[in-house]
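Listing of upload.cif; format and content: mmCIF, C-alpha atoms.
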data_input
loop_
_atom_site.label_atom_id
_atom_site.label_comp_id
_atom_site.auth_asym_id
_atom_site.auth_seq_id
_atom_site.Cartn_x
_atom_site.Cartn_y
_atom_site.Cartn_z
CA THR E 19 0.00 0.00 0.00
CA ARG E 20 1.07 3.55 -0.66
CA PRO E 21 2.29 5.40 2.42
CA THR E 22 -0.09 7.97 3.78
CA PHE E 23 0.73 11.65 3.67
CA GLU E 24 2.82 12.83 6.59
CA GLY E 25 0.37 15.20 8.12
CA HIS E 26 0.92 18.32 10.18
CA ASP E 27 1.67 16.45 13.42
CA ILE E 28 4.30 14.17 11.86
CA TYR E 29 5.83 17.08 9.95
CA MET E 30 6.12 19.21 13.07
CA GLU E 31 7.52 16.28 15.05
CA ARG E 32 10.17 15.72 12.38
CA GLY E 33 11.06 19.41 12.54
CA LYS E 34 11.46 19.19 16.30
CA GLN E 35 13.74 16.17 15.92
CA ASP E 36 15.89 18.06 13.42
CA ALA E 37 16.13 21.03 15.75
CA GLN E 38 17.04 18.77 18.70
CA GLY E 39 19.98 17.10 17.06
CA ASP E 40 19.22 14.90 14.05
CA LEU E 41 21.15 17.53 12.11
CA PRO E 42 24.40 18.72 13.73
CA GLY E 43 24.09 22.14 15.31
CA GLY E 44 20.30 22.02 15.55
CA ARG E 45 19.82 23.03 11.91
CA TYR E 46 16.31 23.12 10.50
CA ARG E 47 15.67 22.57 6.77
CA PRO E 48 11.92 22.15 6.27
CA PHE E 49 11.70 23.30 2.65
CA SER E 50 13.36 20.25 1.08
CA LEU E 51 11.51 18.04 3.58
CA MET E 52 8.24 19.46 2.28
CA PHE E 53 9.17 18.41 -1.27
CA PHE E 54 10.04 14.89 -0.08
CA ILE E 55 6.70 14.63 1.70
CA MET E 56 4.75 15.67 -1.41
CA GLU E 57 6.68 13.24 -3.60
CA ARG E 58 6.07 10.43 -1.14
CA GLU E 59 2.36 11.15 -1.17
CA ILE E 60 2.19 11.22 -4.99
CA PHE E 61 4.69 8.52 -6.00
CA GLY E 62 5.20 6.50 -2.85
CA VAL E 63 8.63 5.38 -1.65
CA ASP E 64 10.46 5.33 -4.98
CA PRO E 65 14.22 6.09 -4.97
CA TRP E 66 14.26 6.32 -8.77
CA MET E 67 11.71 9.10 -8.66
CA GLY E 68 13.81 10.90 -6.04
CA HIS E 69 16.82 10.85 -8.36
CA PHE E 70 14.68 11.92 -11.29
CA MET E 71 13.22 14.89 -9.39
CA ASN E 72 16.73 15.89 -8.32
CA LEU E 73 17.68 15.87 -12.01
CA ILE E 74 14.70 18.11 -12.85
CA TYR E 75 15.58 20.59 -10.10
CA TYR E 76 19.23 20.48 -11.12
CA MET E 77 18.37 21.27 -14.74
CA LEU E 78 16.19 24.16 -13.56
CA THR E 79 19.08 25.42 -11.41
CA ILE E 80 21.48 25.28 -14.36
CA SER E 81 19.00 27.27 -16.45
CA VAL E 82 18.84 29.97 -13.78
CA VAL E 83 22.65 29.98 -13.48
CA TYR E 84 22.95 30.37 -17.26
CA PHE E 85 20.58 33.37 -17.34
CA PHE E 86 22.39 34.84 -14.33
CA LEU E 87 25.73 34.64 -16.15
CA LYS E 88 24.28 35.83 -19.46
CA ASN E 89 22.31 38.80 -18.12
CA ILE E 90 24.50 39.95 -15.25
CA VAL E 91 28.04 38.55 -15.13
CA PHE E 92 28.86 38.23 -18.85
CA LYS E 93 26.23 40.57 -20.28
CA SER E 94 28.80 42.34 -22.49
CA LEU E 95 30.15 39.07 -23.91
CA PRO E 96 28.67 36.64 -26.45
CA ALA E 97 26.10 34.16 -25.17
CA TYR E 98 28.37 31.18 -25.79
CA VAL E 99 30.65 32.37 -22.97
CA SER E 100 27.81 31.99 -20.48
CA PHE E 101 26.83 28.68 -22.05
CA PHE E 102 30.38 27.33 -21.76
CA ALA E 103 30.64 28.47 -18.13
CA SER E 104 27.30 26.82 -17.34
CA PHE E 105 28.43 23.65 -19.10
CA LEU E 106 31.56 23.50 -16.93
CA PHE E 107 29.33 23.95 -13.89
CA VAL E 108 27.10 21.08 -15.04
CA ILE E 109 29.87 18.53 -15.61
CA HIS E 110 31.85 19.31 -12.47
CA PRO E 111 31.70 16.19 -10.25
CA ILE E 112 31.13 18.20 -7.07
CA HIS E 113 27.98 19.68 -8.59
CA SER E 114 26.68 16.70 -10.55
CA GLU E 115 26.85 14.32 -7.58
CA VAL E 116 23.76 15.98 -6.10
CA ILE E 117 21.69 13.94 -8.55
CA GLY E 118 23.08 10.67 -7.21
CA ASN E 119 22.44 11.69 -3.60
CA ILE E 120 18.71 12.21 -3.04
CA LYS E 121 19.36 13.94 0.25
CA SER E 122 21.25 16.69 -1.61
CA ARG E 123 17.92 18.20 -2.64
CA ASP E 124 18.55 20.90 -0.05
CA GLU E 125 21.78 21.91 -1.84
CA ILE E 126 19.99 22.18 -5.19
CA LEU E 127 17.08 24.18 -3.83
CA ALA E 128 19.36 26.51 -1.86
CA LEU E 129 21.44 27.38 -4.93
CA LEU E 130 18.38 27.69 -7.16
CA LEU E 131 16.67 30.09 -4.77
CA ASN E 132 19.78 32.11 -3.93
CA VAL E 133 20.68 32.74 -7.58
CA SER E 134 17.03 33.52 -8.30
CA THR E 135 17.10 36.07 -5.49
CA ILE E 136 20.11 37.83 -7.03
CA MET E 137 18.38 38.01 -10.40
CA LEU E 138 15.13 39.30 -8.90
CA VAL E 139 16.95 42.03 -6.97
CA TYR E 140 18.83 42.94 -10.15
CA TYR E 141 15.60 43.20 -12.16
CA ALA E 142 13.97 45.16 -9.34
CA ILE E 143 16.71 47.79 -9.63
CA GLN E 144 16.82 47.82 -13.41
CA ARG E 145 13.05 47.94 -13.92
CA LYS E 146 12.16 49.78 -10.69
CA ASN E 147 9.38 47.33 -9.89
CA PHE E 148 8.46 46.53 -6.29
CA LEU E 149 7.00 43.14 -7.24
CA TYR E 150 10.52 41.88 -7.96
CA VAL E 151 11.56 42.94 -4.46
CA LEU E 152 8.65 41.04 -2.96
CA ALA E 153 9.48 37.95 -5.02
CA ALA E 154 13.16 38.24 -4.00
CA CYS E 155 12.19 38.30 -0.32
CA ILE E 156 10.10 35.15 -0.78
CA THR E 157 12.81 33.24 -2.66
CA TYR E 158 15.49 34.26 -0.16
CA PHE E 159 13.33 33.22 2.78
CA CYS E 160 12.74 29.84 1.12
CA SER E 161 16.48 29.47 0.49
CA LEU E 162 17.12 29.92 4.21
CA LEU E 163 14.54 27.20 4.90
CA SER E 164 16.31 24.94 2.39
CA LYS E 165 19.81 25.20 3.81
CA GLU E 166 21.88 27.67 5.78
CA ASN E 167 24.02 28.31 2.67
CA GLY E 168 21.79 31.31 2.10
CA VAL E 169 23.19 33.21 5.08
CA PRO E 170 26.36 34.45 3.28
CA PHE E 171 24.15 35.77 0.49
CA ILE E 172 23.16 38.60 2.81
CA ALA E 173 26.53 40.05 1.78
CA ILE E 174 26.89 38.38 -1.64
CA ILE E 175 23.66 39.82 -3.06
CA PRO E 176 24.40 43.54 -2.42
CA LEU E 177 28.04 43.10 -3.47
CA THR E 178 26.95 41.45 -6.72
CA ILE E 179 24.44 44.21 -7.43
CA TRP E 180 27.00 46.89 -6.57
CA TYR E 181 29.66 45.41 -8.82
CA PHE E 182 27.53 44.57 -11.86
CA THR E 183 25.23 47.61 -11.92
CA GLU E 184 25.73 51.34 -12.29
CA LEU E 185 24.16 52.36 -9.01
CA PRO E 186 24.81 55.92 -7.74
CA LEU E 187 26.60 54.43 -4.72
CA ARG E 188 29.05 52.63 -6.98
CA LYS E 189 29.61 55.78 -9.03
CA TYR E 190 30.26 57.70 -5.81
CA PHE E 191 32.87 55.20 -4.62
CA GLN E 192 34.44 55.16 -8.07
CA PHE E 193 34.66 58.96 -7.97
CA ILE E 194 36.28 58.87 -4.51
CA TRP E 195 38.69 56.17 -5.71
CA ASN E 196 39.67 58.14 -8.82
CA GLU E 197 40.12 61.35 -6.82
CA GLU E 198 42.26 59.58 -4.25
CA LYS E 199 44.28 57.91 -7.00
CA ALA E 200 44.87 61.24 -8.76
CA HIS E 201 45.84 62.86 -5.45
CA ASN E 202 48.30 60.07 -4.71
CA GLU E 203 49.82 60.40 -8.17
CA VAL E 204 50.31 64.15 -7.66
CA GLU E 205 51.86 63.61 -4.24
CA THR E 206 54.11 60.88 -5.60
CA SER E 207 55.24 63.19 -8.40
CA LYS E 208 56.04 65.94 -5.88
CA VAL E 209 58.06 63.53 -3.74
CA ILE E 210 59.99 62.35 -6.80
CA ASN E 211 60.68 65.95 -7.81
CA ARG E 212 61.91 66.79 -4.31
CA LEU E 213 64.15 63.76 -4.31
CA SER E 214 65.42 64.68 -7.75
CA ASN E 215 66.21 68.24 -6.64
CA SER E 216 67.90 67.00 -3.47
CA LEU E 217 69.90 64.49 -5.45
CA ARG E 218 70.86 67.15 -8.01
CA GLN E 219 72.03 69.52 -5.26
CA GLU E 220 73.94 66.72 -3.56
CA LEU E 221 75.71 65.85 -6.79
CA LEU E 222 76.57 69.53 -7.41
CA LEU E 223 78.01 69.86 -3.90
CA GLN E 224 80.08 66.72 -4.38
CA ALA E 225 81.31 67.96 -7.76
CA ASN E 226 82.23 71.37 -6.27
CA GLY E 227 84.08 69.65 -3.46
CA ILE E 228 86.10 67.56 -5.92
CA ILE E 229 86.97 70.68 -7.95
CA LEU E 230 88.08 72.60 -4.84
CA ARG E 231 90.26 69.70 -3.70
CA GLU E 232 91.95 69.53 -7.10
CA LEU E 233 92.67 73.26 -6.99
#
If you took the structure in this file and wrote it as structure tokens, what would it be?
Amino acid sequence: TRPTFEGHDIYMERGKQDAQGDLPGGRYRPFSLMFFIMEREIFGVDPWMGHFMNLIYYMLTISVVYFFLKNIVFKSLPAYVSFFASFLFVIHPIHSEVIGNIKSRDEILALLLNVSTIMLVYYAIQRKNFLYVLAACITYFCSLLSKENGVPFIAIIPLTIWYFTELPLRKYFQFIWNEEKAHNEVETSKVINRLSNSLRQELLLQANGIILREL
């Protein structure tokens, strides 16, 4: 017989067990667990289906990574550059092994949602649409529920947006950097000139001393 759906009580009990120590450090990852529960209800206990669904999610993740590279990272380069970079990502053993390990669903979902969050924030800035911000908040929250890999993206997302967009803040820092660089170049030139003058005077004094000794 097909297993019954793990209802609210079982789901909450499993979450409590995770928080109490089934996962080291009391980590809680309910988002991937929710997907496993739905698959179990629909398909039953079928490892093949678990691998197949991981493959589907992985392909979706690669698609999002490709569009991220094409539209943000390599937007000034031909599309085949992004395709080649995505292809290298696909065939890398560290990444492709998530299909063979059903439990690695949390890794796939975390990356999918984190990269999606970056793209949504990027589109929110480019198109000035609040709906993208709302969608980015939802995807980022779900990424945190998938795996704690999303925590560093609190810094990665704004840094990515700052580096790959022409925000006023970036232009301001670039202006400060250029001004400081120009100032340093001027100061360096002055120091070199002073050293040159000092060296010239020192050489003249030494030459005069040699002439006086010869006389």
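The closest residue to Ser104 (chain E), picked from E:Ser164, E:Ser50, E:Ser81, E:Asn196 and counting all atoms listed in the file, is E:Ser81.
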Among the residues E:Ile175, E:Met71, E:Met56, E:Ile126, the one that comes closest to His113 (chain E) [using only C-alpha atoms]: E:Ile126
Picked residues, the PyMOL selection byres ((chain E and resi 160) around 9), as a VMD selection string: chain E and resid 49 127 to 128 131 to 132 155 to 159 161 to 165
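For the residues E:Ile117, E:Val82, E:Val63, E:Ile55, ranking by smallest atom-to-atom distance to Leu129 (chain E) using only C-alpha atoms places E:Val82 first.
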Chain and number of each residue from the PyMOL selection byres ((chain E and resi 120-123) around 12), as a VMD selection string: chain E and resid 47 to 54 64 to 76 79 112 to 119 124 to 130 161 164 to 165
Atom pair CA of Tyr141 (chain E) / CA of Asn167 (chain E): separation (Å): 22.6 Å
Interatomic distance, CA of Pro176 (chain E) to CA of Ala142 (chain E) (Å, one decimal): 12.6 Å
Among listed residues E:Glu198, E:Ile80, E:Phe182, E:Leu177, nearest Ser94 (chain E) (using all atoms listed in the file):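 When distances to Ser94 (chain E) are compared using all atoms listed in the file, the smallest one comes from E:Phe182.
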Point-to-point distance in Å for CA of Ile179 (chain E) and CA of Ala200 (chain E): 26.6 Å
Near-Ser100 (chain E) list (7 Å; all atoms listed in the file; drop same-chain fewer than 3 positions) as an MDAnalysis selection string: chainID E and resid 84 87:88 92 97 103:104
Neighbour list for Thr178 (chain E) as a ChimeraX atom specification, cut-off 12 Å, all atoms listed in the file, skip fewer than 2 positions in-chain: /E:86-87,90-91,133,135-137,139-140,171-176,180-185,188
May I have the residues from that selection written out with C-alpha atoms, as a PDB file, in the coordinates of the input?
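What ended up in result_33.pdb:
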ATOM      1  CA  PHE E  86      22.390  34.840 -14.330  1.00  0.00           C
ATOM      2  CA  LEU E  87      25.730  34.640 -16.150  1.00  0.00           C
ATOM      3  CA  ILE E  90      24.500  39.950 -15.250  1.00  0.00           C
ATOM      4  CA  VAL E  91      28.040  38.550 -15.130  1.00  0.00           C
ATOM      5  CA  VAL E 133      20.680  32.740  -7.580  1.00  0.00           C
ATOM      6  CA  THR E 135      17.100  36.070  -5.490  1.00  0.00           C
ATOM      7  CA  ILE E 136      20.110  37.830  -7.030  1.00  0.00           C
ATOM      8  CA  MET E 137      18.380  38.010 -10.400  1.00  0.00           C
ATOM      9  CA  VAL E 139      16.950  42.030  -6.970  1.00  0.00           C
ATOM     10  CA  TYR E 140      18.830  42.940 -10.150  1.00  0.00           C
ATOM     11  CA  PHE E 171      24.150  35.770   0.490  1.00  0.00           C
ATOM     12  CA  ILE E 172      23.160  38.600   2.810  1.00  0.00           C
ATOM     13  CA  ALA E 173      26.530  40.050   1.780  1.00  0.00           C
ATOM     14  CA  ILE E 174      26.890  38.380  -1.640  1.00  0.00           C
ATOM     15  CA  ILE E 175      23.660  39.820  -3.060  1.00  0.00           C
ATOM     16  CA  PRO E 176      24.400  43.540  -2.420  1.00  0.00           C
ATOM     17  CA  TRP E 180      27.000  46.890  -6.570  1.00  0.00           C
ATOM     18  CA  TYR E 181      29.660  45.410  -8.820  1.00  0.00           C
ATOM     19  CA  PHE E 182      27.530  44.570 -11.860  1.00  0.00           C
ATOM     20  CA  THR E 183      25.230  47.610 -11.920  1.00  0.00           C
ATOM     21  CA  GLU E 184      25.730  51.340 -12.290  1.00  0.00           C
ATOM     22  CA  LEU E 185      24.160  52.360  -9.010  1.00  0.00           C
ATOM     23  CA  ARG E 188      29.050  52.630  -6.980  1.00  0.00           C
TER      24      ARG E 188
END
Starting from the incomplete input, reconstruct N, CA and C atoms of region 60-83 of chain E and report them as a PDB file, in the coordinates of the input.
ATOM      1  N   ILE E  60       2.598  11.398  -3.589  1.00  0.00           N
ATOM      2  CA  ILE E  60       2.190  11.220  -4.990  1.00  0.00           C
ATOM      3  C   ILE E  60       2.739   9.924  -5.567  1.00  0.00           C
ATOM      4  N   PHE E  61       4.023   9.644  -5.336  1.00  0.00           N
ATOM      5  CA  PHE E  61       4.690   8.520  -6.000  1.00  0.00           C
ATOM      6  C   PHE E  61       4.995   7.346  -5.068  1.00  0.00           C
ATOM      7  N   GLY E  62       4.805   7.539  -3.779  1.00  0.00           N
ATOM      8  CA  GLY E  62       5.200   6.500  -2.850  1.00  0.00           C
ATOM      9  C   GLY E  62       6.696   6.515  -2.606  1.00  0.00           C
ATOM     10  N   VAL E  63       7.194   5.476  -1.927  1.00  0.00           N
ATOM     11  CA  VAL E  63       8.630   5.380  -1.650  1.00  0.00           C
ATOM     12  C   VAL E  63       9.310   4.822  -2.893  1.00  0.00           C
ATOM     13  N   ASP E  64       9.857   5.715  -3.702  1.00  0.00           N
ATOM     14  CA  ASP E  64      10.460   5.330  -4.980  1.00  0.00           C
ATOM     15  C   ASP E  64      11.783   6.070  -5.151  1.00  0.00           C
ATOM     16  N   PRO E  65      12.910   5.424  -4.843  1.00  0.00           N
ATOM     17  CA  PRO E  65      14.220   6.090  -4.970  1.00  0.00           C
ATOM     18  C   PRO E  65      14.481   6.618  -6.379  1.00  0.00           C
ATOM     19  N   TRP E  66      14.047   5.868  -7.385  1.00  0.00           N
ATOM     20  CA  TRP E  66      14.260   6.320  -8.770  1.00  0.00           C
ATOM     21  C   TRP E  66      13.605   7.659  -9.008  1.00  0.00           C
ATOM     22  N   MET E  67      12.395   7.825  -8.492  1.00  0.00           N
ATOM     23  CA  MET E  67      11.710   9.100  -8.660  1.00  0.00           C
ATOM     24  C   MET E  67      12.432  10.211  -7.914  1.00  0.00           C
ATOM     25  N   GLY E  68      13.036   9.893  -6.769  1.00  0.00           N
ATOM     26  CA  GLY E  68      13.810  10.900  -6.040  1.00  0.00           C
ATOM     27  C   GLY E  68      14.993  11.387  -6.846  1.00  0.00           C
ATOM     28  N   HIS E  69      15.702  10.462  -7.489  1.00  0.00           N
ATOM     29  CA  HIS E  69      16.820  10.850  -8.360  1.00  0.00           C
ATOM     30  C   HIS E  69      16.330  11.654  -9.561  1.00  0.00           C
ATOM     31  N   PHE E  70      15.219  11.232 -10.120  1.00  0.00           N
ATOM     32  CA  PHE E  70      14.680  11.920 -11.290  1.00  0.00           C
ATOM     33  C   PHE E  70      14.275  13.354 -10.941  1.00  0.00           C
ATOM     34  N   MET E  71      13.632  13.544  -9.798  1.00  0.00           N
ATOM     35  CA  MET E  71      13.220  14.890  -9.390  1.00  0.00           C
ATOM     36  C   MET E  71      14.456  15.752  -9.093  1.00  0.00           C
ATOM     37  N   ASN E  72      15.495  15.146  -8.523  1.00  0.00           N
ATOM     38  CA  ASN E  72      16.730  15.890  -8.320  1.00  0.00           C
ATOM     39  C   ASN E  72      17.303  16.360  -9.661  1.00  0.00           C
ATOM     40  N   LEU E  73      17.211  15.500 -10.672  1.00  0.00           N
ATOM     41  CA  LEU E  73      17.680  15.870 -12.010  1.00  0.00           C
ATOM     42  C   LEU E  73      16.872  17.038 -12.566  1.00  0.00           C
ATOM     43  N   ILE E  74      15.559  17.018 -12.372  1.00  0.00           N
ATOM     44  CA  ILE E  74      14.700  18.110 -12.850  1.00  0.00           C
ATOM     45  C   ILE E  74      15.081  19.421 -12.161  1.00  0.00           C
ATOM     46  N   TYR E  75      15.217  19.384 -10.843  1.00  0.00           N
ATOM     47  CA  TYR E  75      15.580  20.590 -10.100  1.00  0.00           C
ATOM     48  C   TYR E  75      16.977  21.070 -10.470  1.00  0.00           C
ATOM     49  N   TYR E  76      17.865  20.117 -10.731  1.00  0.00           N
ATOM     50  CA  TYR E  76      19.230  20.480 -11.120  1.00  0.00           C
ATOM     51  C   TYR E  76      19.238  21.173 -12.485  1.00  0.00           C
ATOM     52  N   MET E  77      18.464  20.650 -13.421  1.00  0.00           N
ATOM     53  CA  MET E  77      18.370  21.270 -14.740  1.00  0.00           C
ATOM     54  C   MET E  77      17.771  22.679 -14.629  1.00  0.00           C
ATOM     55  N   LEU E  78      16.784  22.827 -13.773  1.00  0.00           N
ATOM     56  CA  LEU E  78      16.190  24.160 -13.560  1.00  0.00           C
ATOM     57  C   LEU E  78      17.223  25.104 -12.959  1.00  0.00           C
ATOM     58  N   THR E  79      18.023  24.604 -12.024  1.00  0.00           N
ATOM     59  CA  THR E  79      19.080  25.420 -11.410  1.00  0.00           C
ATOM     60  C   THR E  79      20.106  25.860 -12.449  1.00  0.00           C
ATOM     61  N   ILE E  80      20.511  24.943 -13.319  1.00  0.00           N
ATOM     62  CA  ILE E  80      21.480  25.280 -14.360  1.00  0.00           C
ATOM     63  C   ILE E  80      20.920  26.341 -15.292  1.00  0.00           C
ATOM     64  N   SER E  81      19.629  26.257 -15.600  1.00  0.00           N
ATOM     65  CA  SER E  81      19.000  27.270 -16.450  1.00  0.00           C
ATOM     66  C   SER E  81      19.067  28.644 -15.795  1.00  0.00           C
ATOM     67  N   VAL E  82      18.791  28.687 -14.502  1.00  0.00           N
ATOM     68  CA  VAL E  82      18.840  29.970 -13.780  1.00  0.00           C
ATOM     69  C   VAL E  82      20.280  30.482 -13.725  1.00  0.00           C
ATOM     70  N   VAL E  83      21.237  29.582 -13.501  1.00  0.00           N
ATOM     71  CA  VAL E  83      22.650  29.980 -13.480  1.00  0.00           C
ATOM     72  C   VAL E  83      23.065  30.549 -14.839  1.00  0.00           C
TER      73      VAL E  83
END
